[in-house]
file work_14.pdb (PDB, C-alpha atoms and all ligand atoms)
ATOM      1  CA  MET A  11     -11.704  -7.115  14.262
ATOM      2  CA  ASP A  12     -14.827  -5.891  12.511
ATOM      3  CA  ALA A  13     -14.333  -5.794   8.780
ATOM      4  CA  MET A  14     -16.489  -2.882   7.723
ATOM      5  CA  ILE A  15     -15.788  -2.909   4.015
ATOM      6  CA  GLU A  16     -15.078  -6.265   2.443
ATOM      7  CA  THR A  17     -14.477  -7.100  -1.170
ATOM      8  CA  ARG A  18     -15.181 -10.691  -2.068
ATOM      9  CA  GLY A  19     -13.874 -12.069  -5.344
ATOM     10  CA  LEU A  20     -14.168  -8.634  -6.915
ATOM     11  CA  THR A  21     -13.456  -8.851 -10.629
ATOM     12  CA  ARG A  22     -13.545  -6.367 -13.490
ATOM     13  CA  ARG A  23     -13.058  -7.197 -17.124
ATOM     14  CA  PHE A  24     -12.701  -4.724 -19.980
ATOM     15  CA  GLY A  25     -13.406  -6.769 -23.102
ATOM     16  CA  GLU A  26     -11.002  -9.689 -22.999
ATOM     17  CA  ARG A  27      -8.792  -8.136 -20.334
ATOM     18  CA  THR A  28      -9.271  -8.873 -16.652
ATOM     19  CA  VAL A  29      -7.818  -5.862 -14.823
ATOM     20  CA  VAL A  30      -9.104  -6.739 -11.341
ATOM     21  CA  ASP A  31      -9.070 -10.464 -10.742
ATOM     22  CA  ASP A  32     -10.833 -12.168  -7.835
ATOM     23  CA  VAL A  33      -9.808  -9.508  -5.319
ATOM     24  CA  SER A  34     -10.767 -10.118  -1.683
ATOM     25  CA  PHE A  35      -9.660  -7.886   1.173
ATOM     26  CA  ASP A  36     -10.970  -6.163   4.288
ATOM     27  CA  VAL A  37     -10.928  -2.537   5.323
ATOM     28  CA  PRO A  38     -11.582  -2.799   9.051
ATOM     29  CA  ASP A  39     -13.377  -0.378  11.262
ATOM     30  CA  GLY A  40     -11.222   2.449  12.572
ATOM     31  CA  MET A  41      -8.132   1.547  10.605
ATOM     32  CA  LEU A  42      -6.093   3.165   7.899
ATOM     33  CA  THR A  43      -5.631   0.613   5.160
ATOM     34  CA  GLY A  44      -3.040   1.448   2.524
ATOM     35  CA  PHE A  45      -3.647   0.214  -0.998
ATOM     36  CA  VAL A  46      -0.448  -0.132  -2.996
ATOM     37  CA  GLY A  47       0.589  -1.551  -6.341
ATOM     38  CA  GLY A  48       2.357  -0.432  -9.492
ATOM     39  CA  ASN A  49       0.851   1.672 -12.282
ATOM     40  CA  GLY A  50      -2.079  -0.145 -13.794
ATOM     41  CA  ALA A  51      -2.284  -2.724 -10.970
ATOM     42  CA  GLY A  52      -6.014  -2.016 -10.631
ATOM     43  CA  LYS A  53      -6.296   0.205  -7.535
ATOM     44  CA  THR A  54      -8.465   2.889  -9.084
ATOM     45  CA  THR A  55     -10.672   0.306 -10.783
ATOM     46  CA  THR A  56     -11.183  -1.475  -7.455
ATOM     47  CA  MET A  57     -12.010   1.763  -5.623
ATOM     48  CA  ARG A  58     -14.455   2.769  -8.321
ATOM     49  CA  MET A  59     -16.208  -0.586  -7.984
ATOM     50  CA  ILE A  60     -16.398  -0.160  -4.209
ATOM     51  CA  MET A  61     -17.990   3.247  -4.791
ATOM     52  CA  GLY A  62     -20.411   1.860  -7.367
ATOM     53  CA  LEU A  63     -19.039   4.143 -10.078
ATOM     54  CA  LEU A  64     -17.996   1.216 -12.230
ATOM     55  CA  GLY A  65     -19.871  -2.006 -12.835
ATOM     56  CA  ILE A  66     -18.659  -5.219 -11.232
ATOM     57  CA  SER A  67     -17.989  -8.197 -13.547
ATOM     58  CA  ALA A  68     -18.004 -10.715 -10.682
ATOM     59  CA  GLY A  69     -17.804 -10.775  -6.898
ATOM     60  CA  GLU A  70     -19.293  -8.332  -4.416
ATOM     61  CA  VAL A  71     -18.681  -5.518  -1.969
ATOM     62  CA  LEU A  72     -19.979  -5.923   1.584
ATOM     63  CA  TRP A  73     -20.637  -3.194   4.124
ATOM     64  CA  GLN A  74     -20.952  -4.364   7.725
ATOM     65  CA  GLY A  75     -21.328  -7.935   6.545
ATOM     66  CA  ARG A  76     -24.098  -7.448   3.984
ATOM     67  CA  PRO A  77     -24.140  -6.416   0.318
ATOM     68  CA  ILE A  78     -23.528  -2.683   0.051
ATOM     69  CA  THR A  79     -26.368  -0.452  -1.143
ATOM     70  CA  ALA A  80     -26.523   2.889  -2.921
ATOM     71  CA  ALA A  81     -27.695   4.475   0.343
ATOM     72  CA  ASP A  82     -24.614   3.134   2.156
ATOM     73  CA  ARG A  83     -22.368   4.542  -0.542
ATOM     74  CA  ARG A  84     -23.959   7.983  -0.309
ATOM     75  CA  ARG A  85     -22.595   8.139   3.206
ATOM     76  CA  PHE A  86     -19.072   7.292   2.028
ATOM     77  CA  GLY A  87     -16.508  10.006   1.383
ATOM     78  CA  TYR A  88     -14.666   9.535  -1.888
ATOM     79  CA  MET A  89     -11.681  11.313  -3.340
ATOM     80  CA  PRO A  90     -11.396  10.365  -6.988
ATOM     81  CA  GLU A  91      -8.101  10.166  -8.823
ATOM     82  CA  GLU A  92      -9.285  12.698 -11.360
ATOM     83  CA  ARG A  93      -9.958  15.633  -9.072
ATOM     84  CA  GLY A  94     -13.484  16.553  -9.989
ATOM     85  CA  LEU A  95     -13.584  20.244  -9.071
ATOM     86  CA  TYR A  96     -14.995  22.949 -11.329
ATOM     87  CA  PRO A  97     -12.140  25.374 -12.031
ATOM     88  CA  LYS A  98     -14.339  28.430 -12.559
ATOM     89  CA  GLN A  99     -16.493  28.068  -9.462
ATOM     90  CA  LYS A 100     -15.626  29.725  -6.170
ATOM     91  CA  VAL A 101     -14.170  27.424  -3.531
ATOM     92  CA  LEU A 102     -16.857  27.860  -0.873
ATOM     93  CA  ASP A 103     -19.733  27.721  -3.387
ATOM     94  CA  GLN A 104     -18.270  24.541  -4.773
ATOM     95  CA  LEU A 105     -18.020  22.916  -1.370
ATOM     96  CA  VAL A 106     -21.586  23.892  -0.501
ATOM     97  CA  TYR A 107     -22.750  22.428  -3.800
ATOM     98  CA  LEU A 108     -20.849  19.171  -3.217
ATOM     99  CA  GLY A 109     -22.126  19.044   0.363
ATOM    100  CA  GLU A 110     -25.696  19.359  -0.875
ATOM    101  CA  LEU A 111     -25.060  16.577  -3.387
ATOM    102  CA  SER A 112     -24.020  14.355  -0.497
ATOM    103  CA  GLY A 113     -27.311  15.092   1.254
ATOM    104  CA  LEU A 114     -26.508  18.010   3.570
ATOM    105  CA  PRO A 115     -28.845  21.004   3.926
ATOM    106  CA  ALA A 116     -27.178  24.098   2.376
ATOM    107  CA  ALA A 117     -26.691  25.932   5.691
ATOM    108  CA  GLN A 118     -25.046  22.949   7.288
ATOM    109  CA  ALA A 119     -22.846  22.379   4.223
ATOM    110  CA  ARG A 120     -21.769  26.040   4.370
ATOM    111  CA  ALA A 121     -20.947  25.877   8.096
ATOM    112  CA  SER A 122     -19.036  22.639   7.741
ATOM    113  CA  ALA A 123     -17.132  23.842   4.651
ATOM    114  CA  SER A 124     -16.140  27.134   6.319
ATOM    115  CA  GLU A 125     -14.893  25.322   9.387
ATOM    116  CA  SER A 126     -12.805  22.912   7.287
ATOM    117  CA  LEU A 127     -11.361  25.709   5.146
ATOM    118  CA  GLU A 128     -10.288  27.433   8.332
ATOM    119  CA  ARG A 129      -8.646  24.314   9.584
ATOM    120  CA  PHE A 130      -6.684  23.830   6.387
ATOM    121  CA  GLY A 131      -5.500  27.434   6.418
ATOM    122  CA  LEU A 132      -7.758  28.311   3.492
ATOM    123  CA  ALA A 133     -10.292  30.481   5.313
ATOM    124  CA  ASP A 134      -9.478  33.519   3.159
ATOM    125  CA  ARG A 135      -9.678  31.572  -0.107
ATOM    126  CA  GLY A 136     -13.371  30.666   0.006
ATOM    127  CA  GLY A 137     -14.225  33.457  -2.430
ATOM    128  CA  ASP A 138     -11.491  32.571  -4.948
ATOM    129  CA  ARG A 139     -12.097  30.506  -8.000
ATOM    130  CA  VAL A 140     -10.790  26.962  -7.658
ATOM    131  CA  GLU A 141      -8.396  27.495 -10.592
ATOM    132  CA  LYS A 142      -6.602  30.243  -8.660
ATOM    133  CA  LEU A 143      -5.499  27.767  -6.005
ATOM    134  CA  SER A 144      -2.266  25.785  -6.224
ATOM    135  CA  LEU A 145      -2.698  22.086  -6.998
ATOM    136  CA  GLY A 146      -1.936  21.168  -3.397
ATOM    137  CA  ASN A 147      -4.602  23.567  -2.146
ATOM    138  CA  GLN A 148      -7.090  22.227  -4.679
ATOM    139  CA  GLN A 149      -6.369  18.831  -3.219
ATOM    140  CA  ARG A 150      -7.131  20.140   0.255
ATOM    141  CA  VAL A 151     -10.454  21.390  -1.041
ATOM    142  CA  GLN A 152     -11.106  17.959  -2.512
ATOM    143  CA  ILE A 153     -10.504  16.200   0.800
ATOM    144  CA  ILE A 154     -12.676  18.759   2.579
ATOM    145  CA  ALA A 155     -15.412  17.879   0.085
ATOM    146  CA  ALA A 156     -15.027  14.161   0.853
ATOM    147  CA  LEU A 157     -15.378  14.818   4.586
ATOM    148  CA  LEU A 158     -18.254  17.315   4.597
ATOM    149  CA  ASN A 159     -21.038  14.901   5.434
ATOM    150  CA  ARG A 160     -19.170  13.117   8.247
ATOM    151  CA  PRO A 161     -18.769   9.991   6.094
ATOM    152  CA  GLN A 162     -19.085   6.522   7.552
ATOM    153  CA  ALA A 163     -16.184   5.304   5.392
ATOM    154  CA  LEU A 164     -13.488   6.936   3.283
ATOM    155  CA  ILE A 165     -12.151   5.778  -0.069
ATOM    156  CA  LEU A 166      -9.282   8.017  -1.134
ATOM    157  CA  ASP A 167      -7.430   7.638  -4.417
ATOM    158  CA  GLU A 168      -3.921   9.037  -4.029
ATOM    159  CA  PRO A 169      -4.830  11.634  -1.382
ATOM    160  CA  PHE A 170      -1.165  12.489  -0.765
ATOM    161  CA  SER A 171       0.061  12.964  -4.299
ATOM    162  CA  GLY A 172       1.314  16.478  -4.922
ATOM    163  CA  LEU A 173       1.094  17.616  -1.283
ATOM    164  CA  ASP A 174       3.978  19.382   0.410
ATOM    165  CA  PRO A 175       5.227  17.928   3.734
ATOM    166  CA  ALA A 176       3.105  20.302   5.850
ATOM    167  CA  ALA A 177      -0.014  19.432   3.877
ATOM    168  CA  VAL A 178       0.830  15.719   4.185
ATOM    169  CA  ASP A 179       0.961  16.173   7.957
ATOM    170  CA  SER A 180      -2.424  17.923   8.065
ATOM    171  CA  MET A 181      -3.884  15.184   5.914
ATOM    172  CA  VAL A 182      -2.412  12.510   8.176
ATOM    173  CA  ASP A 183      -3.879  14.207  11.275
ATOM    174  CA  LEU A 184      -7.218  14.439   9.592
ATOM    175  CA  LEU A 185      -7.274  10.787   8.576
ATOM    176  CA  ARG A 186      -6.275   9.725  12.060
ATOM    177  CA  GLU A 187      -9.181  11.706  13.481
ATOM    178  CA  GLU A 188     -11.483   9.873  11.114
ATOM    179  CA  THR A 189     -10.169   6.444  12.127
ATOM    180  CA  ALA A 190     -10.358   7.480  15.788
ATOM    181  CA  ARG A 191     -14.099   7.947  15.390
ATOM    182  CA  GLY A 192     -14.293   4.411  13.963
ATOM    183  CA  VAL A 193     -14.286   5.162  10.245
ATOM    184  CA  PRO A 194     -12.603   2.640   7.947
ATOM    185  CA  VAL A 195     -10.246   4.379   5.529
ATOM    186  CA  LEU A 196      -8.820   2.931   2.324
ATOM    187  CA  PHE A 197      -6.234   5.072   0.571
ATOM    188  CA  SER A 198      -4.016   4.349  -2.388
ATOM    189  CA  SER A 199      -0.495   5.663  -2.611
ATOM    190  CA  HIS A 200       2.785   5.200  -4.401
ATOM    191  CA  GLN A 201       4.695   6.778  -1.500
ATOM    192  CA  LEU A 202       5.774   3.667   0.385
ATOM    193  CA  ASP A 203       7.648   5.541   3.101
ATOM    194  CA  LEU A 204       4.447   7.379   3.903
ATOM    195  CA  VAL A 205       2.380   4.208   3.755
ATOM    196  CA  GLU A 206       4.803   2.522   6.138
ATOM    197  CA  ARG A 207       4.618   5.397   8.594
ATOM    198  CA  LEU A 208       0.894   5.766   8.406
ATOM    199  CA  CYS A 209      -1.132   2.708   7.719
ATOM    200  CA  ASP A 210      -2.394   0.089  10.128
ATOM    201  CA  ARG A 211      -2.900  -2.392   7.345
ATOM    202  CA  LEU A 212      -1.783  -2.832   3.822
ATOM    203  CA  VAL A 213      -3.220  -4.454   0.723
ATOM    204  CA  VAL A 214      -0.751  -5.076  -2.080
ATOM    205  CA  LEU A 215      -2.059  -5.490  -5.606
ATOM    206  CA  ARG A 216      -0.064  -6.777  -8.536
ATOM    207  CA  ALA A 217      -1.523  -7.053 -12.033
ATOM    208  CA  GLY A 218      -5.071  -7.095 -10.668
ATOM    209  CA  GLU A 219      -4.461  -9.640  -7.912
ATOM    210  CA  VAL A 220      -3.935  -9.301  -4.169
ATOM    211  CA  VAL A 221      -0.437 -10.604  -3.451
ATOM    212  CA  ALA A 222      -0.265  -9.635   0.233
ATOM    213  CA  GLN A 223      -2.402  -8.105   2.973
ATOM    214  CA  GLY A 224      -1.945  -7.503   6.676
ATOM    215  CA  SER A 225      -0.092  -5.130   8.950
ATOM    216  CA  VAL A 226       3.374  -4.032   7.887
ATOM    217  CA  GLU A 227       4.688  -6.130  10.791
ATOM    218  CA  GLU A 228       2.854  -9.203   9.538
ATOM    219  CA  LEU A 229       4.228  -8.719   6.053
ATOM    220  CA  ARG A 230       7.693  -8.195   7.467
ATOM    221  CA  ALA A 231       7.460 -11.358   9.565
ATOM    222  CA  ARG A 232       6.766 -13.404   6.444
ATOM    223  CA  GLY A 233      10.148 -12.482   5.004
ATOM    224  CA  PRO A 234      13.661 -13.281   6.213
ATOM    225  CA  GLU A 235      15.017 -11.663   9.375
ATOM    226  CA  ARG A 236      17.773  -9.115   8.798
ATOM    227  CA  LEU A 237      20.693  -8.545  11.115
ATOM    228  CA  ARG A 238      23.303  -5.838  11.308
ATOM    229  CA  VAL A 239      26.624  -7.056  12.645
ATOM    230  CA  VAL A 240      29.413  -4.715  13.686
ATOM    231  CA  THR A 241      32.807  -6.070  14.704
ATOM    232  CA  ASP A 242      36.209  -4.518  15.337
ATOM    233  CA  ARG A 243      37.797  -5.913  12.147
ATOM    234  CA  ASP A 244      36.848  -7.089   8.666
ATOM    235  CA  ALA A 245      33.553  -8.943   8.870
ATOM    236  CA  GLY A 246      34.146 -11.047   5.732
ATOM    237  CA  TRP A 247      34.185 -14.238   7.855
ATOM    238  CA  ILE A 248      30.419 -13.959   8.123
ATOM    239  CA  ARG A 249      30.104 -15.381   4.606
ATOM    240  CA  ASP A 250      31.184 -18.758   5.986
ATOM    241  CA  VAL A 251      28.538 -18.987   8.703
ATOM    242  CA  PRO A 252      25.959 -21.577   7.593
ATOM    243  CA  GLY A 253      22.379 -20.316   7.281
ATOM    244  CA  VAL A 254      23.458 -16.722   6.585
ATOM    245  CA  HIS A 255      22.741 -14.862   3.370
ATOM    246  CA  VAL A 256      25.073 -11.882   3.124
ATOM    247  CA  LEU A 257      23.565  -8.708   1.680
ATOM    248  CA  ASP A 258      26.548  -6.461   2.260
ATOM    249  CA  VAL A 259      29.916  -6.416   3.967
ATOM    250  CA  ASP A 260      31.599  -3.056   4.399
ATOM    251  CA  GLY A 261      34.794  -3.381   6.458
ATOM    252  CA  PRO A 262      33.767  -4.257  10.026
ATOM    253  CA  GLU A 263      30.035  -3.980   9.269
ATOM    254  CA  ALA A 264      27.794  -6.570   7.680
ATOM    255  CA  LEU A 265      24.125  -6.729   6.754
ATOM    256  CA  VAL A 266      22.818 -10.274   6.518
ATOM    257  CA  GLU A 267      19.580 -12.188   6.239
ATOM    258  CA  LEU A 268      18.848 -15.404   8.048
ATOM    259  CA  ALA A 269      17.936 -18.028   5.502
ATOM    260  CA  ASP A 270      15.491 -19.646   7.924
ATOM    261  CA  HIS A 271      13.368 -17.293  10.001
ATOM    262  CA  ASP A 272      11.726 -19.996  12.105
ATOM    263  CA  LEU A 273      12.803 -20.358  15.679
ATOM    264  CA  PRO A 274      14.881 -22.200  16.902
ATOM    265  CA  ALA A 275      16.831 -22.399  13.640
ATOM    266  CA  ALA A 276      17.153 -18.611  13.524
ATOM    267  CA  ASP A 277      18.347 -18.552  17.143
ATOM    268  CA  ALA A 278      21.002 -21.123  16.315
ATOM    269  CA  VAL A 279      22.260 -19.047  13.378
ATOM    270  CA  ARG A 280      22.348 -15.898  15.510
ATOM    271  CA  ARG A 281      24.410 -17.763  18.097
ATOM    272  CA  ALA A 282      26.709 -19.106  15.375
ATOM    273  CA  ILE A 283      27.341 -15.547  14.128
ATOM    274  CA  LEU A 284      28.099 -14.366  17.650
ATOM    275  CA  THR A 285      30.440 -17.294  18.353
ATOM    276  CA  ALA A 286      32.276 -16.925  15.036
ATOM    277  CA  GLY A 287      32.607 -13.165  15.598
ATOM    278  CA  LEU A 288      33.885 -13.504  19.173
ATOM    279  CA  ASP A 289      36.426 -16.112  18.009
ATOM    280  CA  ARG A 290      37.937 -13.422  15.812
ATOM    281  CA  GLY A 291      37.685 -10.364  18.032
ATOM    282  CA  GLU A 292      34.923  -8.168  19.387
ATOM    283  CA  VAL A 293      31.298  -8.076  18.353
ATOM    284  CA  ARG A 294      30.089  -4.530  18.914
ATOM    285  CA  GLU A 295      26.601  -4.925  17.602
ATOM    286  CA  LEU A 296      24.277  -7.741  16.608
ATOM    287  CA  ALA A 297      20.854  -6.308  16.007
ATOM    288  CA  THR A 298      17.703  -7.059  14.070
ATOM    289  CA  VAL A 299      17.086  -4.494  11.356
ATOM    290  CA  ARG A 300      13.586  -3.604  10.214
ATOM    291  CA  THR A 301      13.265  -4.386   6.541
ATOM    292  CA  PRO A 302      11.906  -1.243   4.860
ATOM    293  CA  LEU A 303       8.462  -1.548   3.346
ATOM    294  CA  SER A 304       9.912  -0.671  -0.073
ATOM    295  CA  GLU A 305      11.880  -3.934   0.007
ATOM    296  CA  ILE A 306       9.020  -6.026   1.335
ATOM    297  CA  TYR A 307       6.968  -4.536  -1.484
ATOM    298  CA  ARG A 308       9.608  -5.428  -4.044
ATOM    299  CA  GLU A 309       9.651  -9.005  -2.800
ATOM    300  CA  VAL A 310       5.891  -9.556  -2.797
ATOM    301  CA  THR A 311       5.393  -7.935  -6.204
ATOM    302  CA  ALA A 312       8.428  -9.575  -7.862
TER     303      ALA A 312
HETATM  304  N1  LIG A 401     -12.330   2.117 -19.025
HETATM  305  C1  LIG A 401     -11.304   1.276 -19.245
HETATM  306  N2  LIG A 401     -11.231   0.539 -20.373
HETATM  307  C2  LIG A 401     -10.186  -0.310 -20.582
HETATM  308  N3  LIG A 401      -9.179  -0.505 -19.707
HETATM  309  C3  LIG A 401      -9.218   0.190 -18.570
HETATM  310  C4  LIG A 401     -10.270   1.119 -18.262
HETATM  311  N4  LIG A 401     -10.025   1.661 -17.050
HETATM  312  C5  LIG A 401      -8.869   1.117 -16.615
HETATM  313  N5  LIG A 401      -8.378   0.228 -17.523
HETATM  314  C6  LIG A 401      -7.146  -0.570 -17.397
HETATM  315  O1  LIG A 401      -7.184  -1.244 -16.175
HETATM  316  C7  LIG A 401      -5.872  -1.375 -15.642
HETATM  317  C8  LIG A 401      -5.890  -0.937 -14.204
HETATM  318  O2  LIG A 401      -6.003   0.477 -14.129
HETATM  319  P1  LIG A 401      -6.169   1.275 -12.767
HETATM  320  O3  LIG A 401      -6.315   2.705 -13.113
HETATM  321  O4  LIG A 401      -7.204   0.643 -11.949
HETATM  322  O5  LIG A 401      -4.759   1.016 -12.100
HETATM  323  P2  LIG A 401      -4.090   1.753 -10.852
HETATM  324  O6  LIG A 401      -3.554   0.669  -9.973
HETATM  325  O7  LIG A 401      -5.023   2.714 -10.244
HETATM  326  O8  LIG A 401      -2.883   2.495 -11.561
HETATM  327  P3  LIG A 401      -2.144   3.909 -11.213
HETATM  328  O9  LIG A 401      -1.303   3.661 -10.009
HETATM  329  O10 LIG A 401      -1.328   4.121 -12.444
HETATM  330  O11 LIG A 401      -3.210   4.936 -11.014
HETATM  331  C9  LIG A 401      -4.966  -0.555 -16.518
HETATM  332  O12 LIG A 401      -4.250  -1.417 -17.384
HETATM  333  C10 LIG A 401      -5.916   0.314 -17.304
HETATM  334  O13 LIG A 401      -5.410   0.576 -18.576
END

call {"tool": "encode", "arguments": {"input": "work_14.pdb", "output": "structure tokens", "more": "lines below"}}
Ligand SMILES: Nc1ncnc2c1ncn2[C@@H]1O[C@H](COP(=O)(O)OP(=O)(O)OP(=O)(O)O)[C@@H](O)[C@H]1O
result
Amino acid sequence: MDAMIETRGLTRRFGERTVVDDVSFDVPDGMLTGFVGGNGAGKTTTMRMIMGLLGISAGEVLWQGRPITAADRRRFGYMPEERGLYPKQKVLDQLVYLGELSGLPAAQARASASESLERFGLADRGGDRVEKLSLGNQQRVQIIAALLNRPQALILDEPFSGLDPAAVDSMVDLLREETARGVPVLFSSHQLDLVERLCDRLVVLRAGEVVAQGSVEELRARGPERLRVVTDRDAGWIRDVPGVHVLDVDGPEALVELADHDLPAADAVRRAILTAGLDRGEVRELATVRTPLSEIYREVTA
């Protein structure tokens, strides 16, 4: 796995406060990496340091294994948290201007912007002032701006916030196209269901520190295994099976966690549940349940 963007010991202090503290993670080539953490965890600060918009107190950012340069960053697409569009300027003019800032010749910027507007269903809005667009459409314009120069990496701060489901889907398609052509993408989000559905990897920040990183599956595997048990009568007996932590019993159904997720201990507990259940009647279901990301998140940030 090529790690295209790497942060190594990245640290940012504001006066006495350290808001990003020794943060090291990878954003690999061709992958969507989700960046999650509560309000004030330090996501925006980290992204701004990656983009060179904020000074680094300690640590470094690497691009393809060497310290990143200003020229590298010019070929990155960035969507800032504060959406930096000019309300009074016309949409297409604005995109051409931003395209030129990122190094494109005007004609090419215009062609690329028109094509993207078309794709996002905004072809007829190019002549409108930005302020006339809904917030979701302004956000589409912002992502178009970040993609104009065929960036070699994407750093997106909350690209999904405020988008309706259809716009989320277009954004998802777009990001997948970018990763398919090998671009590393880092995006922050508070929408964990979306992050779970979308990202290949995840970096979890809490109070300025990385508390977990890896695929959702890897994070899930670090926690206890969950089982759903369905019997033909009250499942309260499951409380007495050693090695089982009961989350919920509702009549014949139970949701439990295995205290020990290492094989063969977990296998033994699963067998014990089955045996105890069959001793009392039928066992209609005994299945592993995928722990939702929201709960994994709660555990790692607790
Ligand atoms: N210029 C600044 N001066 C002082 N403190 C700052 C500055 N910028 C950010 N901070 C502080 O750094 C911390 C991290 O903020 P940051 O915006 O990076 O968090 P975040 O994870 O992006 O949060 P959110 O999800 O709310 O956007 C916050 O406590 C914030 O108040």

call {"tool": "resolve_selection", "arguments": {"input": "work_14.pdb", "expression": "the PyMOL selection byres (((not hetatm)) within 6 of (chain A and resi 401))", "output": "count of residues only"}}
result
11

call {"tool": "resolve_selection", "arguments": {"input": "work_14.pdb", "expression": "the PyMOL selection byres (((chain A and resi 232) around 12) and not hetatm)", "output": "PyMOL selection string"}}
result
chain A and resi 222-231+233-235+270-272+301+306-307+309-310

call {"tool": "resolve_selection", "arguments": {"input": "work_14.pdb", "expression": "the PyMOL selection byres (((chain A and resi 258) around 10) and not hetatm)", "output": "PyMOL selection string"}}
result
chain A and resi 238+245-246+249+255-257+259-261+263-267

call {"tool": "closest_residue", "arguments": {"input": "work_14.pdb", "among": "A:Ser67, A:Ser126, A:Thr189, A:Thr241", "to": "A:Ile154", "atoms": "all atoms listed in the file"}}
result
A:Ser126

call {"tool": "atom_distance", "arguments": {"input": "work_14.pdb", "atom1": "atom CA of A:Thr56", "atom2": "atom CA of A:Pro175"}}
result
27.8 Å

call {"tool": "closest_residue", "arguments": {"input": "work_14.pdb", "among": "A:Glu26, A:Glu292, A:Asp174, A:Glu188", "to": "A:Gly87", "atoms": "only C-alpha atoms"}}
result
A:Glu188

call {"tool": "closest_residue", "arguments": {"input": "work_14.pdb", "among": "A:Pro262, A:Gly69, A:Gly172, A:Pro302", "to": "A:Arg290", "atoms": "only C-alpha atoms"}}
result
A:Pro262

call {"tool": "residues_around", "arguments": {"input": "work_14.pdb", "residues": "A:Ala176", "least_positions_apart": "2", "cutoff": "12 Å", "atoms": "only C-alpha atoms", "output": "PyMOL selection string"}}
result
chain A and resi 130-131+146-147+150+170+172-174+178-183

call {"tool": "axis_aligned_box", "arguments": {"input": "work_14.pdb", "around": "stretch 12-31 of chain A", "padding_each_side": "8 Å", "output": "AutoDock Vina command-line options"}}
result
--center_x -12.2 --center_y -7.5 --center_z -5.3 --size_x 24.7 --size_y 25.2 --size_z 51.6

call {"tool": "residues_near_point", "arguments": {"input": "work_14.pdb", "point": "(-15.9, 8.8, 9.1)", "cutoff": "9 Å", "atoms": "only C-alpha atoms", "output": "list of chain:residue names"}}
result
A:Gly40, A:Arg85, A:Phe86, A:Gly87, A:Leu157, A:Asn159, A:Arg160, A:Pro161, A:Gln162, A:Ala163, A:Leu164, A:Leu185, A:Glu187, A:Glu188, A:Thr189, A:Ala190, A:Arg191, A:Gly192, A:Val193, A:Pro194, A:Val195

call {"tool": "write_last_selection", "arguments": {"input": "work_14.pdb", "atoms": "C-alpha atoms", "output": "JSON list (two decimals), in the frame of the given file"}}
result
[["chain", "number", "residue", "atom", "x", "y", "z"],
["A", 40, "GLY", "CA", -11.22, 2.45, 12.57],
["A", 85, "ARG", "CA", -22.60, 8.14, 3.21],
["A", 86, "PHE", "CA", -19.07, 7.29, 2.03],
["A", 87, "GLY", "CA", -16.51, 10.01, 1.38],
["A", 157, "LEU", "CA", -15.38, 14.82, 4.59],
["A", 159, "ASN", "CA", -21.04, 14.90, 5.43],
["A", 160, "ARG", "CA", -19.17, 13.12, 8.25],
["A", 161, "PRO", "CA", -18.77, 9.99, 6.09],
["A", 162, "GLN", "CA", -19.08, 6.52, 7.55],
["A", 163, "ALA", "CA", -16.18, 5.30, 5.39],
["A", 164, "LEU", "CA", -13.49, 6.94, 3.28],
["A", 185, "LEU", "CA", -7.27, 10.79, 8.58],
["A", 187, "GLU", "CA", -9.18, 11.71, 13.48],
["A", 188, "GLU", "CA", -11.48, 9.87, 11.11],
["A", 189, "THR", "CA", -10.17, 6.44, 12.13],
["A", 190, "ALA", "CA", -10.36, 7.48, 15.79],
["A", 191, "ARG", "CA", -14.10, 7.95, 15.39],
["A", 192, "GLY", "CA", -14.29, 4.41, 13.96],
["A", 193, "VAL", "CA", -14.29, 5.16, 10.24],
["A", 194, "PRO", "CA", -12.60, 2.64, 7.95],
["A", 195, "VAL", "CA", -10.25, 4.38, 5.53]]

call {"tool": "closest_residue", "arguments": {"input": "work_14.pdb", "among": "A:Gly65, A:Leu127, A:Asp138, A:Ile60", "to": "A:Pro97", "atoms": "only C-alpha atoms"}}
result
A:Asp138

call {"tool": "build_atoms", "arguments": {"input": "work_14.pdb", "residues": "stretch 27-34 of chain A", "atoms": "N, CA and C atoms", "output": "short mmCIF file (atom, residue, chain, number, x, y, z; two decimals), in the coordinates of the input"}}
result
data_model
loop_
_atom_site.label_atom_id
_atom_site.label_comp_id
_atom_site.auth_asym_id
_atom_site.auth_seq_id
_atom_site.Cartn_x
_atom_site.Cartn_y
_atom_site.Cartn_z
N ARG A 27 -9.79 -8.33 -21.40
CA ARG A 27 -8.79 -8.14 -20.33
C ARG A 27 -9.42 -8.13 -18.95
N THR A 28 -8.83 -8.91 -18.04
CA THR A 28 -9.27 -8.87 -16.65
C THR A 28 -8.29 -7.97 -15.91
N VAL A 29 -8.76 -6.79 -15.46
CA VAL A 29 -7.82 -5.86 -14.82
C VAL A 29 -7.90 -5.93 -13.30
N VAL A 30 -9.01 -6.45 -12.78
CA VAL A 30 -9.10 -6.74 -11.34
C VAL A 30 -9.62 -8.17 -11.26
N ASP A 31 -8.85 -9.03 -10.60
CA ASP A 31 -9.07 -10.46 -10.74
C ASP A 31 -9.27 -11.14 -9.38
N ASP A 32 -10.52 -11.37 -9.02
CA ASP A 32 -10.83 -12.17 -7.84
C ASP A 32 -10.22 -11.55 -6.57
N VAL A 33 -10.45 -10.27 -6.40
CA VAL A 33 -9.81 -9.51 -5.32
C VAL A 33 -10.66 -9.54 -4.04
N SER A 34 -10.08 -10.06 -2.98
CA SER A 34 -10.77 -10.12 -1.68
C SER A 34 -9.88 -9.49 -0.62
#
